[in-house]
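Take a look at the structure set out below.
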Amino acid sequence: MKNKKSSYTEIMKSRNTMKNVPSEHPVLDMYIQMVLDEALFIRKKSLLEERINDALDTKNKQLFMTLSKEYKALCELG
């Protein structure tokens, strides 16, 4: 077997062609996407909570109002 080194460009091209091939495990792919989405949601919510607490600590009403609206919108999605 040859020990062929592929360039970055060749690897990326092969990945792009693989994206067009239908997945053999669509349910697994969907589950993975759900887990990633949930992790991102939890992280964003946590960061907003921290920033809201900082705004309260510094008594920055304008920032608090902006962040709390964003937090509310995020919670309505989740």
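Letters A, B, ... mark the chains of the structure tokens in the order given; residue numbers begin at 1 per chain; ligand numbers begin at 1, in order shown.
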
Residue neighbourhood Arg51 in chain A, 12 Å, only C-alpha atoms, exclusion window fewer than 2 positions, as a PyMOL selection string: chain A and resi 44-49+53-60+63-68+70-71

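Of the listed residues (A:Lys61, A:Met12, A:Glu24, A:Phe41), A:Phe41 comes nearest to Ala73 in chain A; the distances count only C-alpha atoms.
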
What gap, in Å, lies between CA of Gln33 in chain A and CA of Ile11 in chain A?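 So the answer is 23.2 Å.
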
Enumerate the residues of range 12-63 of chain A with a DSSP assignment of alpha helix (DSSP H), computed from the backbone, and present them as an NGL selection string. :A and (12-19 or 26-57 or 61-63)
